[in-house]
Amino acid sequence: MSSRSVALVTLGCARNEVDSEELAGRLAAEGWTLVQDAAEADVAVVNTCGFVEQAKKDSIDALLEAGDLKESGRTRAVVAVGCLAERYGADLAQELPEADAVLGFDSYAQMSAHLQQVLDGRAPAPHVPRDRRTLLPLAPAERRASAVALPGHQQPLEAVAPASGPPVLRARLDDRPWAPLKIASGCDRRCAFCAIPMFRGAYVSREPQEVLAEARWLAARGVREVFLVSENTTSYGKDLGDLRLLERMLPELAAVEGIERVRVSYLQPAEIRPDLLDVMAGTPGVAPYFDISFQHASGPLLRRMRRFGDRASFLSLLEQVRSRLPEAGIRSNVIVGFPGETEADLAELAAFLEQARLDVVGVFGYSDEDGTEAQGYADKRHPDEVAERVAHVTGLVEQLTAQRAEERVGQVVSVLVEEEDEDGTPVGRAGQQGPDVDGVTLLPGARALAVGDVVDAVVVDTLGVDLVARALATGQAGVP
């Protein structure tokens, strides 16, 4: 067969990045040449996001842009995969003829054959969506025996015998010194605003040995930080019969040769255990970073969201974190304008944010999501009012997170160098800063540093949520 090339275009979250790299590994193992520029590929595979309205629009725009390449570049076909394709399937195919195929998660194991069919003019029928929660047993412990497709879980490559296939079905699509590492998929929670469980399915953990093997594989390719991702990390291990698995796995991950930092994401406040806090705070190599999904702080509104907690319990949890690790970085997301949100609810959220001293807060305006409970709620806010509330809370957050960054002046932080800016200044992230959206640390005057270096530095200034730090020599006073 003549050489075939494919480009993976990824939208959305770090979980999608893992899925794209698994698809890339599968395709490379079956003879496809991976290229970065979709205009230079025979097939552009667009891994879409289907989470919120703006993400859907961004995914559709990416598909349209890829479709334009069929007129101006080498590209012969555009294939939609990922959450938007899984969620809308045939409807997306009908509304977006620029996509030559719309394939769901069940197609990933046979992706090479499907892409060849598309090139041969025999595109497979569009994916037919279904509620993926119904595909797995209700009892978590019974899910391991299921053959349901789980993107990012390293399920066997059907076209290659296990003995001859690659040890890890993944191909790096960038050269960053950090990489997401999926530890679980799906979610068993029933938040009223969230559609993710419907198209990602019920909760399934990966076995610890699989996670560790992939971490070692990433380390061998220059990765210095692994970013543990899932829809709900605090549920890890429940389907394996042991909710303490994460506490035991974190020290093993931190001990992997070449891995300098392990970062944990997406903790549900109602499920955070004291033992987990102890391990995260006390294990060398685990980032001092707590990504906690609060969503709001008004108790009554959280119940309406089908969630738990309130301002007092959340502040107590933050105190538990900081009593163990005073300099911890803490981020969260909040939703404003949820149906029934009163001025008193909004004031309660603002009061929480002012007391919480969070490092980063993502502010999202509520919008209906197809098939969710909240879609049928009454007492919805007009979109203009939602936008006003988003602007109000965003303005407050910008002030508070800038103040929180200023509190770090004088602190010693550990920085992973990720790039150089246009002036040659090394730019990286402190342990308290998550990837992509949590701010960066500038290291002026440290031009001898290279991408992938990890250096201790003292914070000397701030630029909004970004930190400016002076690199410290090894053994210098004040370095832990």
# chains A, B, ... in the order shown; residues from 1 in each chain; ligands from 1
call {"tool": "residues_around", "arguments": {"residues": "Arg200 of chain A", "least_positions_apart": "3", "cutoff": "9 Å", "atoms": "only C-alpha atoms", "output": "JSON, numbers by chain"}}
result
{"A": [83, 86, 87, 105, 131, 132, 133, 150, 185, 186, 187, 195, 196, 197, 203]}
call {"tool": "write_last_selection", "arguments": {"atoms": "C-alpha atoms", "output": "PDB file, in the first residue's frame"}}
result
ATOM      1  CA  CYS A  83     -17.029  14.081  21.994  1.00  0.00           C
ATOM      2  CA  GLU A  86     -19.974  10.787  19.730  1.00  0.00           C
ATOM      3  CA  ARG A  87     -22.703  13.037  21.088  1.00  0.00           C
ATOM      4  CA  PHE A 105     -15.645   6.050  20.192  1.00  0.00           C
ATOM      5  CA  ASP A 131     -26.397   7.005  26.173  1.00  0.00           C
ATOM      6  CA  ARG A 132     -23.072   5.343  26.960  1.00  0.00           C
ATOM      7  CA  ARG A 133     -24.008   4.969  30.619  1.00  0.00           C
ATOM      8  CA  LEU A 150     -12.740   3.367  26.347  1.00  0.00           C
ATOM      9  CA  SER A 185     -12.912   7.611  31.968  1.00  0.00           C
ATOM     10  CA  GLY A 186     -16.553   8.440  32.481  1.00  0.00           C
ATOM     11  CA  CYS A 187     -18.502   9.628  35.498  1.00  0.00           C
ATOM     12  CA  ALA A 195     -23.947  15.950  29.713  1.00  0.00           C
ATOM     13  CA  ILE A 196     -20.513  14.310  29.911  1.00  0.00           C
ATOM     14  CA  PRO A 197     -21.679  10.992  31.463  1.00  0.00           C
ATOM     15  CA  TYR A 203     -16.877   5.465  35.483  1.00  0.00           C
TER      16      TYR A 203
END
call {"tool": "residues_around", "arguments": {"residues": "Pro426 of chain A", "least_positions_apart": "6", "cutoff": "7 Å", "atoms": "only C-alpha atoms", "output": "list in words"}}
result
Val417, Glu419, Glu420, Leu442, Leu443, Pro444, Ala446, Arg447 and Leu449 of chain A
call {"tool": "write_last_selection", "arguments": {"atoms": "all heavy atoms", "output": "PDB file, in the first residue's frame"}}
result
ATOM      1  N   VAL A 417      10.652  24.404  33.125  1.00  0.00           N
ATOM      2  CA  VAL A 417      10.824  25.276  31.963  1.00  0.00           C
ATOM      3  C   VAL A 417      10.170  24.623  30.750  1.00  0.00           C
ATOM      4  O   VAL A 417      10.460  23.467  30.425  1.00  0.00           O
ATOM      5  CB  VAL A 417      12.312  25.555  31.682  1.00  0.00           C
ATOM      6  CG1 VAL A 417      12.479  26.439  30.452  1.00  0.00           C
ATOM      7  CG2 VAL A 417      12.963  26.204  32.900  1.00  0.00           C
ATOM      8  N   GLU A 419       9.355  26.720  27.621  1.00  0.00           N
ATOM      9  CA  GLU A 419       9.647  27.414  26.368  1.00  0.00           C
ATOM     10  C   GLU A 419      10.455  28.659  26.669  1.00  0.00           C
ATOM     11  O   GLU A 419      10.714  28.990  27.823  1.00  0.00           O
ATOM     12  CB  GLU A 419       8.346  27.805  25.655  1.00  0.00           C
ATOM     13  CG  GLU A 419       7.468  28.733  26.473  1.00  0.00           C
ATOM     14  CD  GLU A 419       6.172  29.085  25.764  1.00  0.00           C
ATOM     15  OE1 GLU A 419       6.027  28.721  24.587  1.00  0.00           O
ATOM     16  OE2 GLU A 419       5.323  29.751  26.395  1.00  0.00           O
ATOM     17  N   GLU A 420      10.837  29.362  25.598  1.00  0.00           N
ATOM     18  CA  GLU A 420      11.437  30.683  25.716  1.00  0.00           C
ATOM     19  C   GLU A 420      10.523  31.682  25.033  1.00  0.00           C
ATOM     20  O   GLU A 420       9.916  31.374  24.004  1.00  0.00           O
ATOM     21  CB  GLU A 420      12.813  30.727  25.053  1.00  0.00           C
ATOM     22  CG  GLU A 420      13.875  29.900  25.741  1.00  0.00           C
ATOM     23  CD  GLU A 420      15.223  30.054  25.057  1.00  0.00           C
ATOM     24  OE1 GLU A 420      15.278  30.694  23.978  1.00  0.00           O
ATOM     25  OE2 GLU A 420      16.220  29.539  25.589  1.00  0.00           O
ATOM     26  N   LEU A 442       7.805  33.479  34.723  1.00  0.00           N
ATOM     27  CA  LEU A 442       8.897  34.008  33.904  1.00  0.00           C
ATOM     28  C   LEU A 442      10.185  33.961  34.712  1.00  0.00           C
ATOM     29  O   LEU A 442      10.188  34.270  35.914  1.00  0.00           O
ATOM     30  CB  LEU A 442       8.605  35.438  33.477  1.00  0.00           C
ATOM     31  CG  LEU A 442       7.245  35.695  32.807  1.00  0.00           C
ATOM     32  CD1 LEU A 442       7.035  37.173  32.562  1.00  0.00           C
ATOM     33  CD2 LEU A 442       7.158  34.929  31.505  1.00  0.00           C
ATOM     34  N   LEU A 443      11.284  33.612  34.046  1.00  0.00           N
ATOM     35  CA  LEU A 443      12.583  33.483  34.710  1.00  0.00           C
ATOM     36  C   LEU A 443      13.606  34.382  34.024  1.00  0.00           C
ATOM     37  O   LEU A 443      14.540  33.903  33.365  1.00  0.00           O
ATOM     38  CB  LEU A 443      13.043  32.023  34.690  1.00  0.00           C
ATOM     39  CG  LEU A 443      12.182  31.040  35.495  1.00  0.00           C
ATOM     40  CD1 LEU A 443      12.498  29.607  35.098  1.00  0.00           C
ATOM     41  CD2 LEU A 443      12.381  31.242  36.997  1.00  0.00           C
ATOM     42  N   PRO A 444      13.453  35.695  34.115  1.00  0.00           N
ATOM     43  CA  PRO A 444      14.406  36.592  33.453  1.00  0.00           C
ATOM     44  C   PRO A 444      15.813  36.418  34.005  1.00  0.00           C
ATOM     45  O   PRO A 444      16.012  36.175  35.195  1.00  0.00           O
ATOM     46  CB  PRO A 444      13.843  37.988  33.776  1.00  0.00           C
ATOM     47  CG  PRO A 444      13.011  37.795  34.995  1.00  0.00           C
ATOM     48  CD  PRO A 444      12.430  36.427  34.872  1.00  0.00           C
ATOM     49  N   ALA A 446      17.811  33.972  33.365  1.00  0.00           N
ATOM     50  CA  ALA A 446      18.209  32.561  33.511  1.00  0.00           C
ATOM     51  C   ALA A 446      18.344  31.914  32.136  1.00  0.00           C
ATOM     52  O   ALA A 446      17.771  30.858  31.872  1.00  0.00           O
ATOM     53  CB  ALA A 446      17.198  31.816  34.371  1.00  0.00           C
ATOM     54  N   ARG A 447      19.088  32.539  31.259  1.00  0.00           N
ATOM     55  CA  ARG A 447      19.146  32.093  29.863  1.00  0.00           C
ATOM     56  C   ARG A 447      19.875  30.769  29.671  1.00  0.00           C
ATOM     57  O   ARG A 447      19.789  30.167  28.608  1.00  0.00           O
ATOM     58  CB  ARG A 447      19.785  33.179  28.992  1.00  0.00           C
ATOM     59  CG  ARG A 447      18.946  34.456  28.957  1.00  0.00           C
ATOM     60  CD  ARG A 447      19.585  35.564  28.128  1.00  0.00           C
ATOM     61  NE  ARG A 447      18.786  36.777  28.182  1.00  0.00           N
ATOM     62  CZ  ARG A 447      17.793  37.060  27.359  1.00  0.00           C
ATOM     63  NH1 ARG A 447      17.490  36.209  26.399  1.00  0.00           N
ATOM     64  NH2 ARG A 447      17.124  38.183  27.470  1.00  0.00           N
ATOM     65  N   LEU A 449      19.089  28.100  31.128  1.00  0.00           N
ATOM     66  CA  LEU A 449      18.131  27.015  31.306  1.00  0.00           C
ATOM     67  C   LEU A 449      17.597  26.543  29.961  1.00  0.00           C
ATOM     68  O   LEU A 449      17.450  27.324  29.018  1.00  0.00           O
ATOM     69  CB  LEU A 449      16.969  27.477  32.186  1.00  0.00           C
ATOM     70  CG  LEU A 449      17.320  27.825  33.639  1.00  0.00           C
ATOM     71  CD1 LEU A 449      16.102  28.405  34.341  1.00  0.00           C
ATOM     72  CD2 LEU A 449      17.827  26.593  34.373  1.00  0.00           C
TER      73      LEU A 449
END
call {"tool": "closest_residue", "arguments": {"among": "A:Glu17, A:Glu30, A:Glu418, A:Asp188", "to": "Gly152 of chain A", "atoms": "only C-alpha atoms"}}
result
A:Glu17
call {"tool": "select_by_dssp", "arguments": {"residues": "segment 93-208 of chain A", "states": "strand (DSSP E)", "output": "MDAnalysis selection string"}}
result
chainID A and resid 101:102 178:182 184:185 204:205
call {"tool": "write_last_selection", "arguments": {"atoms": "all heavy atoms", "output": "PDB file, in the first residue's frame"}}
result
ATOM      1  N   ALA A 101     -16.647  11.816   7.181  1.00  0.00           N
ATOM      2  CA  ALA A 101     -17.120  10.747   8.061  1.00  0.00           C
ATOM      3  C   ALA A 101     -17.228  11.301   9.471  1.00  0.00           C
ATOM      4  O   ALA A 101     -16.451  12.173   9.870  1.00  0.00           O
ATOM      5  CB  ALA A 101     -16.175   9.546   8.036  1.00  0.00           C
ATOM      6  N   VAL A 102     -18.207  10.809  10.210  1.00  0.00           N
ATOM      7  CA  VAL A 102     -18.389  11.155  11.617  1.00  0.00           C
ATOM      8  C   VAL A 102     -18.373   9.844  12.397  1.00  0.00           C
ATOM      9  O   VAL A 102     -19.288   9.024  12.260  1.00  0.00           O
ATOM     10  CB  VAL A 102     -19.711  11.914  11.850  1.00  0.00           C
ATOM     11  CG1 VAL A 102     -19.923  12.157  13.342  1.00  0.00           C
ATOM     12  CG2 VAL A 102     -19.710  13.233  11.088  1.00  0.00           C
ATOM     13  N   TRP A 178       5.770  18.134  29.462  1.00  0.00           N
ATOM     14  CA  TRP A 178       4.710  17.567  30.296  1.00  0.00           C
ATOM     15  C   TRP A 178       3.712  16.873  29.380  1.00  0.00           C
ATOM     16  O   TRP A 178       3.619  17.175  28.190  1.00  0.00           O
ATOM     17  CB  TRP A 178       4.010  18.644  31.132  1.00  0.00           C
ATOM     18  CG  TRP A 178       3.154  19.600  30.348  1.00  0.00           C
ATOM     19  CD1 TRP A 178       3.563  20.729  29.722  1.00  0.00           C
ATOM     20  CD2 TRP A 178       1.755  19.466  30.075  1.00  0.00           C
ATOM     21  NE1 TRP A 178       2.501  21.326  29.076  1.00  0.00           N
ATOM     22  CE2 TRP A 178       1.386  20.585  29.281  1.00  0.00           C
ATOM     23  CE3 TRP A 178       0.776  18.533  30.435  1.00  0.00           C
ATOM     24  CZ2 TRP A 178       0.080  20.783  28.841  1.00  0.00           C
ATOM     25  CZ3 TRP A 178      -0.524  18.731  29.980  1.00  0.00           C
ATOM     26  CH2 TRP A 178      -0.871  19.838  29.202  1.00  0.00           C
ATOM     27  N   ALA A 179       2.949  15.963  29.955  1.00  0.00           N
ATOM     28  CA  ALA A 179       1.951  15.241  29.157  1.00  0.00           C
ATOM     29  C   ALA A 179       0.804  14.801  30.052  1.00  0.00           C
ATOM     30  O   ALA A 179       1.017  14.396  31.206  1.00  0.00           O
ATOM     31  CB  ALA A 179       2.572  14.020  28.485  1.00  0.00           C
ATOM     32  N   PRO A 180      -0.421  14.855  29.524  1.00  0.00           N
ATOM     33  CA  PRO A 180      -1.552  14.296  30.275  1.00  0.00           C
ATOM     34  C   PRO A 180      -1.492  12.778  30.273  1.00  0.00           C
ATOM     35  O   PRO A 180      -1.034  12.161  29.306  1.00  0.00           O
ATOM     36  CB  PRO A 180      -2.779  14.813  29.515  1.00  0.00           C
ATOM     37  CG  PRO A 180      -2.286  15.073  28.128  1.00  0.00           C
ATOM     38  CD  PRO A 180      -0.850  15.451  28.247  1.00  0.00           C
ATOM     39  N   LEU A 181      -1.944  12.193  31.360  1.00  0.00           N
ATOM     40  CA  LEU A 181      -1.964  10.738  31.516  1.00  0.00           C
ATOM     41  C   LEU A 181      -3.327  10.363  32.080  1.00  0.00           C
ATOM     42  O   LEU A 181      -3.675  10.740  33.204  1.00  0.00           O
ATOM     43  CB  LEU A 181      -0.835  10.301  32.458  1.00  0.00           C
ATOM     44  CG  LEU A 181      -0.766   8.829  32.870  1.00  0.00           C
ATOM     45  CD1 LEU A 181      -0.709   7.921  31.655  1.00  0.00           C
ATOM     46  CD2 LEU A 181       0.445   8.595  33.766  1.00  0.00           C
ATOM     47  N   LYS A 182      -4.113   9.649  31.292  1.00  0.00           N
ATOM     48  CA  LYS A 182      -5.474   9.321  31.698  1.00  0.00           C
ATOM     49  C   LYS A 182      -5.471   8.155  32.685  1.00  0.00           C
ATOM     50  O   LYS A 182      -4.877   7.109  32.424  1.00  0.00           O
ATOM     51  CB  LYS A 182      -6.325   8.975  30.471  1.00  0.00           C
ATOM     52  CG  LYS A 182      -7.793   8.747  30.782  1.00  0.00           C
ATOM     53  CD  LYS A 182      -8.622   8.534  29.519  1.00  0.00           C
ATOM     54  CE  LYS A 182      -8.833   9.821  28.756  1.00  0.00           C
ATOM     55  NZ  LYS A 182      -9.859   9.678  27.683  1.00  0.00           N
ATOM     56  N   ALA A 184      -8.650   7.326  34.265  1.00  0.00           N
ATOM     57  CA  ALA A 184     -10.015   6.808  34.277  1.00  0.00           C
ATOM     58  C   ALA A 184     -10.826   7.544  33.227  1.00  0.00           C
ATOM     59  O   ALA A 184     -10.425   8.599  32.727  1.00  0.00           O
ATOM     60  CB  ALA A 184     -10.666   6.979  35.657  1.00  0.00           C
ATOM     61  N   SER A 185     -11.977   6.979  32.892  1.00  0.00           N
ATOM     62  CA  SER A 185     -12.912   7.611  31.968  1.00  0.00           C
ATOM     63  C   SER A 185     -14.311   7.546  32.546  1.00  0.00           C
ATOM     64  O   SER A 185     -14.638   6.647  33.326  1.00  0.00           O
ATOM     65  CB  SER A 185     -12.907   6.908  30.609  1.00  0.00           C
ATOM     66  OG  SER A 185     -11.729   7.173  29.889  1.00  0.00           O
ATOM     67  N   VAL A 204     -14.925   4.210  34.757  1.00  0.00           N
ATOM     68  CA  VAL A 204     -14.043   3.044  34.643  1.00  0.00           C
ATOM     69  C   VAL A 204     -12.608   3.485  34.913  1.00  0.00           C
ATOM     70  O   VAL A 204     -12.076   4.368  34.224  1.00  0.00           O
ATOM     71  CB  VAL A 204     -14.125   2.391  33.246  1.00  0.00           C
ATOM     72  CG1 VAL A 204     -13.180   1.183  33.179  1.00  0.00           C
ATOM     73  CG2 VAL A 204     -15.552   1.960  32.935  1.00  0.00           C
ATOM     74  N   SER A 205     -11.974   2.874  35.901  1.00  0.00           N
ATOM     75  CA  SER A 205     -10.574   3.153  36.228  1.00  0.00           C
ATOM     76  C   SER A 205      -9.645   2.292  35.380  1.00  0.00           C
ATOM     77  O   SER A 205      -9.975   1.149  35.040  1.00  0.00           O
ATOM     78  CB  SER A 205     -10.290   2.844  37.701  1.00  0.00           C
ATOM     79  OG  SER A 205     -11.146   3.546  38.563  1.00  0.00           O
TER      80      SER A 205
END
call {"tool": "closest_residue", "arguments": {"among": "A:Gly258, A:Gly31, A:Pro137, A:Gly121", "to": "Gly201 of chain A", "atoms": "only C-alpha atoms"}}
result
A:Pro137
